[in-house]
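Novice: Quick one: this structure, given as structure tokens, is what I'll be asking you about.
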Amino acid sequence: MARVLTPLGFCIAIVFLASINLGSFSENSDSRTKAAVDVLIQEYQKRSNSSPEAVHGRLTLTSGTAITTSDVTAATTVYFTPFNGAKISLYNGDSWALLSFSEVSVVVPSTTETPFDVFAYDNSGSLALQAVSWTDDSTRATDLAKQNGVYVKSGALRYRYLGTGRTTSVSGQTEDSASKRFLWNYYNRQSRSLYVRETTASWSYGSTPWRPANNDVDNRVEIVVGVAEVVIKLLQHGLGPALSESSMGIGINSTDTPSSFNFGRYIGAGTNIIHPEVSSVFVYPNVGYNFYQWMESTSANSPTDYYGTSASDSYENGLTGSVEG
Amino acid sequence: MVKGIFITGMVYAASSLGAGLEKDYPKYFELLGPQIFQKVAATVTSRRAENFSESLCEGRLTLTSGTAVTTSDVTAATTVYFTPYQGNQIFLYSGTAWQMVTFSEVSVAVPATMTTPFDIFGYNNSGSLALETANWTDDSTRATALTLQNGIYVKTGAATRRYLGTARTTGVSGETEDSLSSRLLWNYCNRVKRSIEVKEATGSWTYTTNTWRSANNSNSNRIQWVVGLAGSLVNLKLHGSGRADTLDDMAISIGSDSTSARNANVLGMYGSYGNDNDMYMMASLDTYPTAGFHYYQWLEISTKGGGGTVTFYGTTHGISGIGGTVDG
């Protein structure tokens, strides 16, 4: 808030005040001094009223729960619920005005596998939400713009950007779960856990080309990000085969090539020892939808076993980590 | 002369208001005169109040006076402090409206309980910030629930008491701790990442039973944490090593509030595949605990229980233990 009060603006105000009010100023406040101060205060108020900082809310798929800790699937409504306060600054076309609000909501768009932005606007004195669908997983149909450094809807500056969701394969539904983080907050972000594991005990693969672990594209975590400024942290746990050389890794938006940002991919020596194979990515996701695929490759081109979840409590393998949202 | 001083002072003050009038209080007070300064300052405060409103909470709970974020272990602490952090103002509810209070560090005594969580609240005591505590019934149940006032957590039935965080007493009455292995102080406002770590100092030990137990049969091989509200993520990495002969396998894992069962969401775990070679083991857990006290126990198992020789390493080959971060 305070930073909108620029030195230049006040210098102008003070020069103006000095020119009209300070002809015979004394340290004891007289009427002209008081008038001068009033003008100064009015100038300050005008500027400080323009503060765009306040956003006391989070997008959530569960009414009244700002931070969900359990999976929410097949959600048809996005809520904006109070979080650490209940006010939001919105642009009225001339300046920023503060609005108190209770939880509001918007219906998930009738699309499939398509991101959508969520905007807040002043609807006759009450906060309201609007959802705007993207063209595809990486392209906004309507760009974001900045008003006083705040993201708003391009061409409609009264609509303040709050975050981005994405529909699932079912029209009009979205999800916020450990494997599908399809709701991303721009404000008041929190660490959101990521997790997926392969429930099959073991499987065989004997080819060099990279593929999804157990040839299952569900061995991935999926996220949507509205602005490219958050880091995803992922750790891949696996067990290398005992009879052949192998690698495991993480593909970013790919099912046949591990990411160049993926490090720690282990190549087993094929010495009849089952190796823990652990790799990581710490990367900034692109704007839009991204998936992170657990992958495998058998270097020696001979069939061998990989491992998912042990029936005897020995191991569980997959991806775990977190992303801000 | 006076006019010159006034103009210079006003320009200087006005150009600096945005950076924080209160920080240069004496200088502006002298330059502007008390009446003018107070009027401008009151307006600045009022405008700030309208814009930040009730969300403003510029302090952190700590067990070390004057240190908002401690980086060394603090044990056997008998006082909880609320110290300024990135500012020194907080909004408190009067019963009818939120009012901004400027504060210096305040403190409250740790309750005379043992192993019991307690909430810490801030309230306006005749214009000054003061703290009070409220004990929980047990490790997962508040005696007095929290509620929301204008989106801010306060004490149910006493909305003038703003919720600041939660702590837990140790096994010694009236003491608490904020250390690598026992994060028993949790902030609601201005949370930062807190490191956690515990290591086993024993070189090695054997265990040949197909039942999960605490590593080296020691319940000290755990991380303890109290969290006031659900939604804080804990990130844990467990590193271990060992050797199992051809008759057995071995594994390590993490138990959530259990010394005999692993958390179902732990990944990794696997150790030696009965090959009689030294093997590295690793397990990970990223999870949201419920509100209250929790511990994360380093566990071990000999998965076949085959009666062979199974050796777990503490410090014999590297250093084994749990590390990670929690919010607090």
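By order in the structure tokens, chains are A, B, ...; within a chain, residues start at 1; ligands start at 1, following the order shown.
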I'd like the neighbourhood of Ala264 in chain B as a list of chain:residue names, where a residue qualifies if any of its atoms comes within 10 Å (using only C-alpha atoms), though same-chain residues fewer than 3 positions away should be ignored.
Specialist: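 Once the nearby chain positions are removed, what remains is A:Asp313, A:Glu316, B:Ser253, B:Ile254, B:Gly255, B:Ser256, B:Ala261, B:Leu267, B:Leu285.
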Novice: May I have the selected residues written with C-alpha atoms, as an mmCIF file, in the first residue's frame?
Specialist:
```cif
data_model
loop_
_atom_site.group_PDB
_atom_site.id
_atom_site.type_symbol
_atom_site.label_atom_id
_atom_site.label_comp_id
_atom_site.auth_asym_id
_atom_site.auth_seq_id
_atom_site.Cartn_x
_atom_site.Cartn_y
_atom_site.Cartn_z
ATOM 1 C CA ASP A 313 5.535 -54.289 2.735
ATOM 2 C CA GLU A 316 6.233 -48.707 -2.890
ATOM 3 C CA SER B 253 9.867 -46.639 6.288
ATOM 4 C CA ILE B 254 8.101 -43.861 8.196
ATOM 5 C CA GLY B 255 5.251 -44.291 10.643
ATOM 6 C CA SER B 256 2.796 -41.446 11.230
ATOM 7 C CA ALA B 261 2.767 -49.419 11.056
ATOM 8 C CA LEU B 267 7.408 -44.184 -1.279
ATOM 9 C CA LEU B 285 6.725 -38.786 2.580
#
```
Novice: Would you pick out the contacts of range 67-80 of chain B at 6 Å or less, using only C-alpha atoms, so that residues sharing its chain but fewer than 5 positions from it are not included, and give the list as a PyMOL selection string?
Specialist: chain B and resi 60+62+107-110+174-179
Novice: Take the residues from that selection and put them in a file with N, CA, C and O atoms, as an mmCIF file, in the first residue's frame.
Specialist:
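So the final result, stored in out-v4.cif, reads:
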```cif
data_model
loop_
_atom_site.group_PDB
_atom_site.id
_atom_site.type_symbol
_atom_site.label_atom_id
_atom_site.label_comp_id
_atom_site.auth_asym_id
_atom_site.auth_seq_id
_atom_site.Cartn_x
_atom_site.Cartn_y
_atom_site.Cartn_z
ATOM 1 N N ARG B 60 5.924 -12.942 14.857
ATOM 2 C CA ARG B 60 6.052 -14.399 14.895
ATOM 3 C C ARG B 60 6.241 -14.857 16.342
ATOM 4 O O ARG B 60 6.897 -14.199 17.149
ATOM 5 N N THR B 62 8.033 -17.129 18.992
ATOM 6 C CA THR B 62 9.391 -17.663 19.077
ATOM 7 C C THR B 62 9.713 -17.981 20.529
ATOM 8 O O THR B 62 9.093 -17.427 21.444
ATOM 9 N N SER B 107 5.204 -11.388 25.690
ATOM 10 C CA SER B 107 5.461 -12.793 26.009
ATOM 11 C C SER B 107 4.375 -13.352 26.915
ATOM 12 O O SER B 107 3.577 -12.607 27.498
ATOM 13 N N VAL B 108 4.380 -14.662 27.020
ATOM 14 C CA VAL B 108 3.458 -15.355 27.910
ATOM 15 C C VAL B 108 4.178 -16.602 28.431
ATOM 16 O O VAL B 108 5.001 -17.206 27.713
ATOM 17 N N ALA B 109 3.871 -16.982 29.649
ATOM 18 C CA ALA B 109 4.506 -18.160 30.236
ATOM 19 C C ALA B 109 3.945 -19.436 29.611
ATOM 20 O O ALA B 109 2.751 -19.520 29.291
ATOM 21 N N VAL B 110 4.804 -20.423 29.434
ATOM 22 C CA VAL B 110 4.345 -21.733 28.962
ATOM 23 C C VAL B 110 3.478 -22.352 30.060
ATOM 24 O O VAL B 110 3.847 -22.325 31.243
ATOM 25 N N GLY B 174 5.541 -27.054 32.184
ATOM 26 C CA GLY B 174 5.882 -25.652 31.970
ATOM 27 C C GLY B 174 7.002 -25.407 30.989
ATOM 28 O O GLY B 174 7.504 -24.286 30.906
ATOM 29 N N GLU B 175 7.386 -26.430 30.233
ATOM 30 C CA GLU B 175 8.467 -26.250 29.258
ATOM 31 C C GLU B 175 8.021 -26.671 27.862
ATOM 32 O O GLU B 175 7.189 -27.566 27.705
ATOM 33 N N THR B 176 8.599 -26.003 26.874
ATOM 34 C CA THR B 176 8.364 -26.399 25.493
ATOM 35 C C THR B 176 9.690 -26.373 24.742
ATOM 36 O O THR B 176 10.745 -26.091 25.333
ATOM 37 N N GLU B 177 9.647 -26.641 23.436
ATOM 38 C CA GLU B 177 10.895 -26.835 22.685
ATOM 39 C C GLU B 177 10.669 -26.523 21.214
ATOM 40 O O GLU B 177 9.591 -26.775 20.671
ATOM 41 N N ASP B 178 11.691 -25.954 20.603
ATOM 42 C CA ASP B 178 11.671 -25.727 19.156
ATOM 43 C C ASP B 178 13.048 -26.128 18.641
ATOM 44 O O ASP B 178 13.977 -25.326 18.600
ATOM 45 N N SER B 179 13.168 -27.394 18.285
ATOM 46 C CA SER B 179 14.474 -27.944 17.908
ATOM 47 C C SER B 179 14.343 -28.751 16.626
ATOM 48 O O SER B 179 13.231 -28.975 16.120
#
```
Novice: Please provide as a list in words all residues within 7 Å of Phe312 in chain B, with the sequence filter that same-chain residues fewer than 5 positions apart are discarded (counting only C-alpha atoms).
Specialist: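 That gives Ser204, Trp205, Thr206, Ser241, Gly242 and Arg243 of chain B.
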Novice: Show which residues sit within 10 Å of Pro52 in chain A, as a list in words. Count only C-alpha atoms, and ignore same-chain residues fewer than 6 positions away.
Specialist: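 That gives Met1, Val4, Ile88, Ser89, Leu90, Tyr91, Ser95, Trp96, Ala97, Leu98, Gln147, Asn148, Gly149 and Val150 of chain A; Asn51 of chain B.
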Novice: Fewer than 6 positions away in the same chain doesn't count, so skip those; otherwise give me all residues within 12 Å of Thr141 in chain B, counting only C-alpha atoms, as a ChimeraX atom specification.
Specialist: /B:116-119,134-135,227-229,290-293
Novice: What's the separation between CA of Thr259 in chain B and CA of Gly328 in chain B, in Å to one decimal place?
Specialist: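 These atoms are spaced 24.6 Å apart.
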Novice: What's the 8 Å shell around Met114 in chain B, counting only C-alpha atoms, without same-chain residues fewer than 3 positions away, as a list in words?
Specialist: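 Near Met114 in chain B, the qualifying residues are Thr169, Thr170, Gly171, Val172, Ser173, Gly174 and Glu175 of chain B.
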Novice: Pull N, CA, C and O atoms from the residues just selected and write them as an mmCIF file, in the first residue's frame.
Specialist:
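selection-v5.cif, freshly written:
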```
data_model
loop_
_atom_site.group_PDB
_atom_site.id
_atom_site.type_symbol
_atom_site.label_atom_id
_atom_site.label_comp_id
_atom_site.auth_asym_id
_atom_site.auth_seq_id
_atom_site.Cartn_x
_atom_site.Cartn_y
_atom_site.Cartn_z
ATOM 1 N N THR B 169 3.633 -28.539 25.271
ATOM 2 C CA THR B 169 4.610 -28.717 26.342
ATOM 3 C C THR B 169 5.332 -30.054 26.165
ATOM 4 O O THR B 169 4.817 -30.993 25.558
ATOM 5 N N THR B 170 6.528 -30.117 26.714
ATOM 6 C CA THR B 170 7.318 -31.347 26.658
ATOM 7 C C THR B 170 6.932 -32.241 27.849
ATOM 8 O O THR B 170 5.916 -32.014 28.503
ATOM 9 N N GLY B 171 7.774 -33.192 28.145
ATOM 10 C CA GLY B 171 7.527 -34.065 29.292
ATOM 11 C C GLY B 171 7.826 -33.397 30.625
ATOM 12 O O GLY B 171 7.613 -33.999 31.689
ATOM 13 N N VAL B 172 8.310 -32.174 30.572
ATOM 14 C CA VAL B 172 8.570 -31.402 31.795
ATOM 15 C C VAL B 172 7.524 -30.299 31.906
ATOM 16 O O VAL B 172 7.345 -29.519 30.967
ATOM 17 N N SER B 173 6.845 -30.223 33.012
ATOM 18 C CA SER B 173 5.780 -29.237 33.183
ATOM 19 C C SER B 173 6.301 -27.819 32.959
ATOM 20 O O SER B 173 7.353 -27.431 33.480
ATOM 21 N N GLY B 174 5.541 -27.054 32.184
ATOM 22 C CA GLY B 174 5.882 -25.652 31.970
ATOM 23 C C GLY B 174 7.002 -25.407 30.989
ATOM 24 O O GLY B 174 7.504 -24.286 30.906
ATOM 25 N N GLU B 175 7.386 -26.430 30.233
ATOM 26 C CA GLU B 175 8.467 -26.250 29.258
ATOM 27 C C GLU B 175 8.021 -26.671 27.862
ATOM 28 O O GLU B 175 7.189 -27.566 27.705
#
```
Novice: When you draw a straight line from CA of Met248 in chain A to CA of Phe291 in chain A, how long is it in Å?
Specialist: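 Atom-to-atom, CA of Met248 in chain A to CA of Phe291 in chain A, that is 16.4 Å.
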Novice: Give me the residues within 10 Å of Leu131 in chain B as a list of chain:residue names, counting only C-alpha atoms and dropping any in the same chain fewer than 6 places off.
Specialist: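 Listing them by chain and then by number gives B:Val80, B:Tyr81, B:Phe82, B:Val106, B:Ser107, B:Val108, B:Ala109, B:Ile120, B:Phe121, B:Gly122, B:Tyr123, B:Asn124, B:Asn125, B:Arg161, B:Arg162, B:Tyr163, B:Leu164.
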Novice: Could you check the closest approach to Leu129 in chain A for each of A:Ser105, A:Asn262, A:Ser169, A:Thr112 and tell me which residue wins, using only C-alpha atoms?
Specialist: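 Once distances to Leu129 in chain A are computed over only C-alpha atoms, the minimum belongs to A:Ser105.
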Novice: State, in Å with one decimal place, the distance from CA of Leu183 in chain A to CA of Thr167 in chain A.
Specialist: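 Between CA of Leu183 in chain A and CA of Thr167 in chain A the gap is 9.4 Å.
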Novice: Using only C-alpha atoms, can you tell me which of A:Gly165, A:Gly85, A:Gly93, A:Gly238 comes closest to Tyr289 in chain A?
Specialist: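 Of A:Gly165, A:Gly85, A:Gly93, A:Gly238, the one nearest Tyr289 in chain A, counting only C-alpha atoms, is A:Gly165.
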Novice: Of the residues A:Gly325, A:Gly155, A:Pro276, A:Gly251, which is the one nearest to chain B, using only C-alpha atoms?
Specialist: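 Comparing A:Gly325, A:Gly155, A:Pro276, A:Gly251 against chain B, the winner is A:Pro276.
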Novice: Using only C-alpha atoms, which of B:Pro289, B:Gly157, B:Gly127, B:Gly66 sits nearest Gly95 in chain B?
Specialist: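 Once distances to Gly95 in chain B are computed over only C-alpha atoms, the minimum belongs to B:Gly157.
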Novice: May I ask which of the residues B:Ala201, B:Ile152, B:Leu238, B:Leu56 is the closest one to chain A, counting only C-alpha atoms?
Specialist: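 Among the listed residues, B:Ile152 lies closest to chain A.
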Novice: Which residue, B:Ser258, B:Asn150, B:Gln99, B:Ser126, has the smallest gap to Phe101 in chain A when you use only C-alpha atoms?
Specialist: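 Under the stated criterion, the closest residue is B:Asn150.
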Novice: According to DSSP computed on the backbone, where in range 50-224 of chain A is there strand (DSSP E or B)? Give the residues as an NGL selection string.
Specialist: :A and (55 or 57-60 or 72-75 or 77-82 or 87-91 or 96-100 or 104-107 or 115-123 or 126-133 or 136 or 139 or 144-147 or 150-153 or 156-167 or 174-176 or 180-181 or 183-185 or 191-197 or 202-205 or 211-212 or 220-224)
